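Notes follow the structure.
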Amino acid sequence: MLRPASKRLLGLGFRGAQTPAARLYHERVVDHYNNPRNVGSFDKNDPTVGTGLVGAPACGDVMKLQIKVDDQTGKIVDACFKTFGCGSAIASSSVATEWVKGKQMEEVLSIKNTEIAKHLSLPPVKLHCSMLAEDAIKAAVKDYEAKRVKSNGDLEDAPAEKAANA
Amino acid sequence: MASKLMAAILCRRASHLRALSSAPAALTTPPPAAEPYEDATGISTKGVKISGRPLYLDVQATSPVDPRVLDAMLPYYLSRFGNPHSRTHLYGWESDDAVERGRAQVAALINASPKEIVFTSGATESNNISIKGVLHFYKDKKRHVITTQTEHKCVLDSCRHLQQEGFEVTYLPVHSDGLVDLNQLRAAIRPDTGLVSVMMVNNEIGVIQPMEEIGKICKEFNVPLHTDAAQALGKIPIDVEKINVSLMSLSGHKIYGPKGIGALYMRRRPRIRVEPQMNGGGQERGIRSGTVPTPLVVGMGAACELAMKEMEYDEKRINKLQERLFNGIKAKLDGVVVNGSTEKRYAGNLNLSFAYVEGESLLMGLKEVAVSSGSACTSASLEPSYVLRALGVDEDMAHTSIRFGIGRFTTEAEIDRAIELTVQQVEKLRDMSPLYEMVKEGIDIKNIQWTQH
């Protein structure tokens with residue numbers, strides 16, 4: 001009784017993996033849409049906050065991703081997002097905020113859109129949403145570093161300092 | 001109990017598609033099946049679970065069959081199932097009678113003679129016959145077609161097919177309210193124009209074109225006029241004599257009739273000639289060969305007769321419901337725009353744009369309401385609806401449109417619930433929208449340099 005039941009469920013599981021993406025919203029996408037994590041805003045002018053704003057309303061996708069960085073350690077302590085876009089775009093940016101929390105700034109630059117897409121099982125037509133999320137992360141980090149440069153007045157020291165504290 | 005535990009463990013290891021859901025109880029984790037399945041707690045499909053069947057507000061896509069129409073059709077499936085072209089026995093004769101009765105009912109609704117109605121498989125086929133058929137018949141003298149940018153896909157595709165064959169097509173632009181410019185139409189007509197095709201009621205935005213004026217212009221220049229009246233039949237009064245139209249495409253499943261049947265009105269005085277697209281035994285005056293589907297014809301006829309009787313009553317009711325829907329939404333939300341003319345509009349089609357909210361994400365949230373959107377994400381490409389673009393709607397607004405359809409069977413309770421859900425979802429999405437935030441801060445979105453992708 002155990003084996004057929006488990007086989008059936010396994011069978012369904014594998015069949016699901018092979019089902020072509022016939023406009024199927026993966027549960028994770030729906031989950032992120034219904035219970036979005038980290039929606040919100042930080043103060044743009046706060047020196048510990050980096051803001052990445054990417055996309056264009058004309059394309060139907062705009063993402064704003066903000067990271068709050070601990071100056072001493074270079075670690076991202078908090079992140080939040082706001083998105084104008086389809087369910088997959090909202091889910092991609094929500095996942096992005098979850099993944100950057102608690103990581104170092106250099107680490108998050110290596111987050112790839114393919115990883116986000118795989119986590120959400122995005123169909124090919126929605127891959128650009130995950131690309132935009134990756135761009136948003138990079139833009140937020142860049143913005144933070146630009147702010148630091150402005151406040152420190154020194155481009156060389158900033159990465160060296162972070163490397164020393166990492 | 002133990003087997004379920006075992007299965008759960010196996011599933012976790014086996015398939016990475018199974019979400020380890022930490023979501024609240026309302027969202028269960030159904031197997032990733034494409035088929036919807038129902039259980040005692042609700043319906044589950046595409047990763048979403050809802051408590052019952054959604055409210056149907058998409059009447060422009062298709063409509064439920066009126067039970068009275070179904071009653072009329074059933075005998076012709078079960079006992080009177082003859083082929084109307086069988087001339088030698090009772091089955092054929094009674095089937096033929098039924099087809100002729102249906103033909104008369106359809107003709108009566110548009111003030112035409114039954115001899116001018118040809119049955120087809122739907123408005124798409126009728127459009128194909130009209131456009132390709134007329135131009136192929138007159139291909140020696142007439143090489144030009146005029147149509148609009150907001151036509152149905154089948155009309156535009158037929159025109160494109162003609163272009164590939166060497167004909168010329170003019171796609172007339174429309175004003176921002178969706179109406180065709182009559183002066184531009186007049187200027188576009190040439191001596192070798194074989195057909196003008198303008199749809200009567202637009203399926204996406206519900207705008208009613210000035211058919212009588214267009215008919216007058218076409219008569220003046222002696223050019224045949226074709227109109228796609230699929231969305232107009234049975235909803236607004238149609239009189240082929242007043243409009244002076246030569247060809248009209250009709251559809252069964254938009255007026256509470258069965259799917260798979262449509263009709264083509266072809267004027268006899270003056271006679272318009274077409275080249276048939278379906279060759280065969282010469283049924284339907286040689287225009288459309290193939291066995292005429294008696295039950296479907298009976299259904300369409302019954303639907304047309306009902307529409308004639310109930311048009312006024314339906315119109316009043318639908319007008320009231322549309323006002324209720326629009327006022328209900330406007331009372332609670334700002335930044336709501338109606339796409340298309342508000343005066344020259346069929347009341348049962350309300351196409352709204354919600355600023356700063358994207359259409360597909362709104363549809364995802366409105367899972368308990370069946371509506372449709374003109375947003376890019378819902379089409380296969382990333383382009384927003386061509387109809388909205390033809391209206392000159394800003395690209396970011398074109399991504400935000402939702403079409404609400406109100407029909408004969410829509411109730412006030414459904415409208416109220418739709419208002420409630422829409423307002424709720426729009427507010428939630430606006431909270432998540434960076435554009436709304438920027439506007440609230442006073443930044444002008446149109447002046448920002450976006451990073452294109």
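Just so we're on the same page: first chain in the structure tokens is A, next is B, and so on; residues restart at 1 for each chain, and ligands are numbered from 1 in the order they show up.
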
Excluding same-chain residues fewer than 3 positions from Lys101 of chain A, what lies within 10 Å of it counting only C-alpha atoms, as a list in words? Ile67, Lys68, Val69, Lys75, Ile76, Val77, Asp78, Ala79, Cys80, Ala96, Thr97, Glu98, Gln104, Met105 and Val108 of chain A

So which residues of segment 51-158 of chain A fall under strand (DSSP E or B) by DSSP, listed as a PyMOL selection string? chain A and resi 51-56+61-70+75-84+104

Residues just named, written with N, CA, C and O atoms as a compact mmCIF listing (two decimals), in the first residue's frame:
# COMPACT_ATOMS: atom_id res chain seq x y z
N THR A 51 19.97 52.09 -3.41
CA THR A 51 18.71 51.93 -4.14
C THR A 51 18.98 51.57 -5.59
O THR A 51 19.73 52.26 -6.28
N GLY A 52 18.38 50.49 -6.06
CA GLY A 52 18.50 50.13 -7.48
C GLY A 52 17.14 50.27 -8.14
O GLY A 52 16.18 49.64 -7.70
N LEU A 53 17.04 51.10 -9.16
CA LEU A 53 15.76 51.28 -9.87
C LEU A 53 15.99 50.90 -11.32
O LEU A 53 16.73 51.56 -12.03
N VAL A 54 15.40 49.80 -11.76
CA VAL A 54 15.65 49.30 -13.12
C VAL A 54 14.34 49.05 -13.85
O VAL A 54 13.30 48.89 -13.22
N GLY A 55 14.45 48.97 -15.16
CA GLY A 55 13.28 48.65 -15.95
C GLY A 55 12.67 49.89 -16.57
O GLY A 55 13.23 50.97 -16.49
N ALA A 56 11.52 49.73 -17.19
CA ALA A 56 10.85 50.87 -17.81
C ALA A 56 9.35 50.57 -17.86
O ALA A 56 8.96 49.46 -18.18
N ASP A 61 7.66 46.60 -16.80
CA ASP A 61 8.38 46.08 -15.63
C ASP A 61 9.25 47.16 -15.03
O ASP A 61 10.14 47.69 -15.69
N VAL A 62 9.00 47.51 -13.75
CA VAL A 62 9.90 48.44 -13.06
C VAL A 62 10.15 47.86 -11.69
O VAL A 62 9.21 47.51 -10.97
N MET A 63 11.44 47.73 -11.33
CA MET A 63 11.74 47.18 -10.00
C MET A 63 12.59 48.16 -9.22
O MET A 63 13.56 48.71 -9.75
N LYS A 64 12.22 48.35 -7.96
CA LYS A 64 13.05 49.17 -7.09
C LYS A 64 13.48 48.28 -5.94
O LYS A 64 12.65 47.80 -5.17
N LEU A 65 14.79 48.05 -5.82
CA LEU A 65 15.32 47.19 -4.77
C LEU A 65 16.24 48.02 -3.89
O LEU A 65 17.14 48.68 -4.38
N GLN A 66 15.98 47.98 -2.57
CA GLN A 66 16.82 48.76 -1.68
C GLN A 66 17.50 47.84 -0.68
O GLN A 66 16.88 46.91 -0.14
N ILE A 67 18.79 48.12 -0.41
CA ILE A 67 19.53 47.32 0.57
C ILE A 67 20.05 48.25 1.66
O ILE A 67 20.46 49.37 1.42
N LYS A 68 20.01 47.74 2.88
CA LYS A 68 20.58 48.49 4.01
C LYS A 68 21.84 47.75 4.41
O LYS A 68 21.80 46.57 4.74
N VAL A 69 22.96 48.46 4.35
CA VAL A 69 24.25 47.80 4.55
C VAL A 69 24.88 48.29 5.85
O VAL A 69 24.84 49.47 6.18
N ASP A 70 25.48 47.33 6.55
CA ASP A 70 26.23 47.68 7.76
C ASP A 70 27.59 48.21 7.30
O ASP A 70 28.37 47.49 6.69
N LYS A 75 28.04 43.98 5.32
CA LYS A 75 27.01 42.94 5.19
C LYS A 75 25.66 43.63 4.97
O LYS A 75 25.39 44.67 5.54
N ILE A 76 24.83 42.97 4.18
CA ILE A 76 23.49 43.53 3.94
C ILE A 76 22.58 43.07 5.07
O ILE A 76 22.35 41.87 5.24
N VAL A 77 22.10 44.03 5.86
CA VAL A 77 21.31 43.64 7.02
C VAL A 77 19.82 43.61 6.71
O VAL A 77 19.05 42.92 7.36
N ASP A 78 19.41 44.40 5.73
CA ASP A 78 17.98 44.42 5.43
C ASP A 78 17.78 44.76 3.96
O ASP A 78 18.63 45.43 3.34
N ALA A 79 16.67 44.34 3.42
CA ALA A 79 16.38 44.66 2.01
C ALA A 79 14.87 44.79 1.85
O ALA A 79 14.11 44.14 2.56
N CYS A 80 14.48 45.65 0.91
CA CYS A 80 13.06 45.72 0.62
C CYS A 80 12.90 46.06 -0.86
O CYS A 80 13.84 46.47 -1.52
N PHE A 81 11.68 45.88 -1.36
CA PHE A 81 11.49 46.10 -2.79
C PHE A 81 10.10 46.67 -3.06
O PHE A 81 9.19 46.58 -2.24
N LYS A 82 10.00 47.25 -4.26
CA LYS A 82 8.67 47.60 -4.80
C LYS A 82 8.72 47.32 -6.28
O LYS A 82 9.70 47.65 -6.94
N THR A 83 7.66 46.71 -6.81
CA THR A 83 7.69 46.32 -8.23
C THR A 83 6.40 46.67 -8.95
O THR A 83 5.31 46.46 -8.41
N PHE A 84 6.53 47.18 -10.15
CA PHE A 84 5.41 47.34 -11.07
C PHE A 84 5.64 46.29 -12.15
O PHE A 84 6.56 46.40 -12.94
N GLN A 104 27.19 39.23 2.13
CA GLN A 104 28.13 40.30 1.83
C GLN A 104 27.81 40.89 0.47
O GLN A 104 27.24 40.22 -0.38

From a DSSP pass on the backbone, collect the residues of segment 217-356 of chain B flagged as alpha helix (DSSP H) and hand them back as an MDAnalysis selection string. chainID B and resid 217:221 240:243 294:332

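Distance-wise, atom CA of Ile129 of chain B and atom CA of Met278 of chain B end up 8.9 Å apart.
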
Show which residues sit within 9 Å of Pro237 of chain B, as a count of residues only. Count only C-alpha atoms, and ignore same-chain residues fewer than 2 positions away. 9

Spatial neighbours of segment 84-99 of chain B, 9 Å, only C-alpha atoms, chain gap at least 4 places, as a PyMOL selection string: chain B and resi 76+80+103-104+283+291-295+297-298+301

re atom CA of Asn319 of chain B and atom CA of Phe404 of chain B: distance 13.1 Å
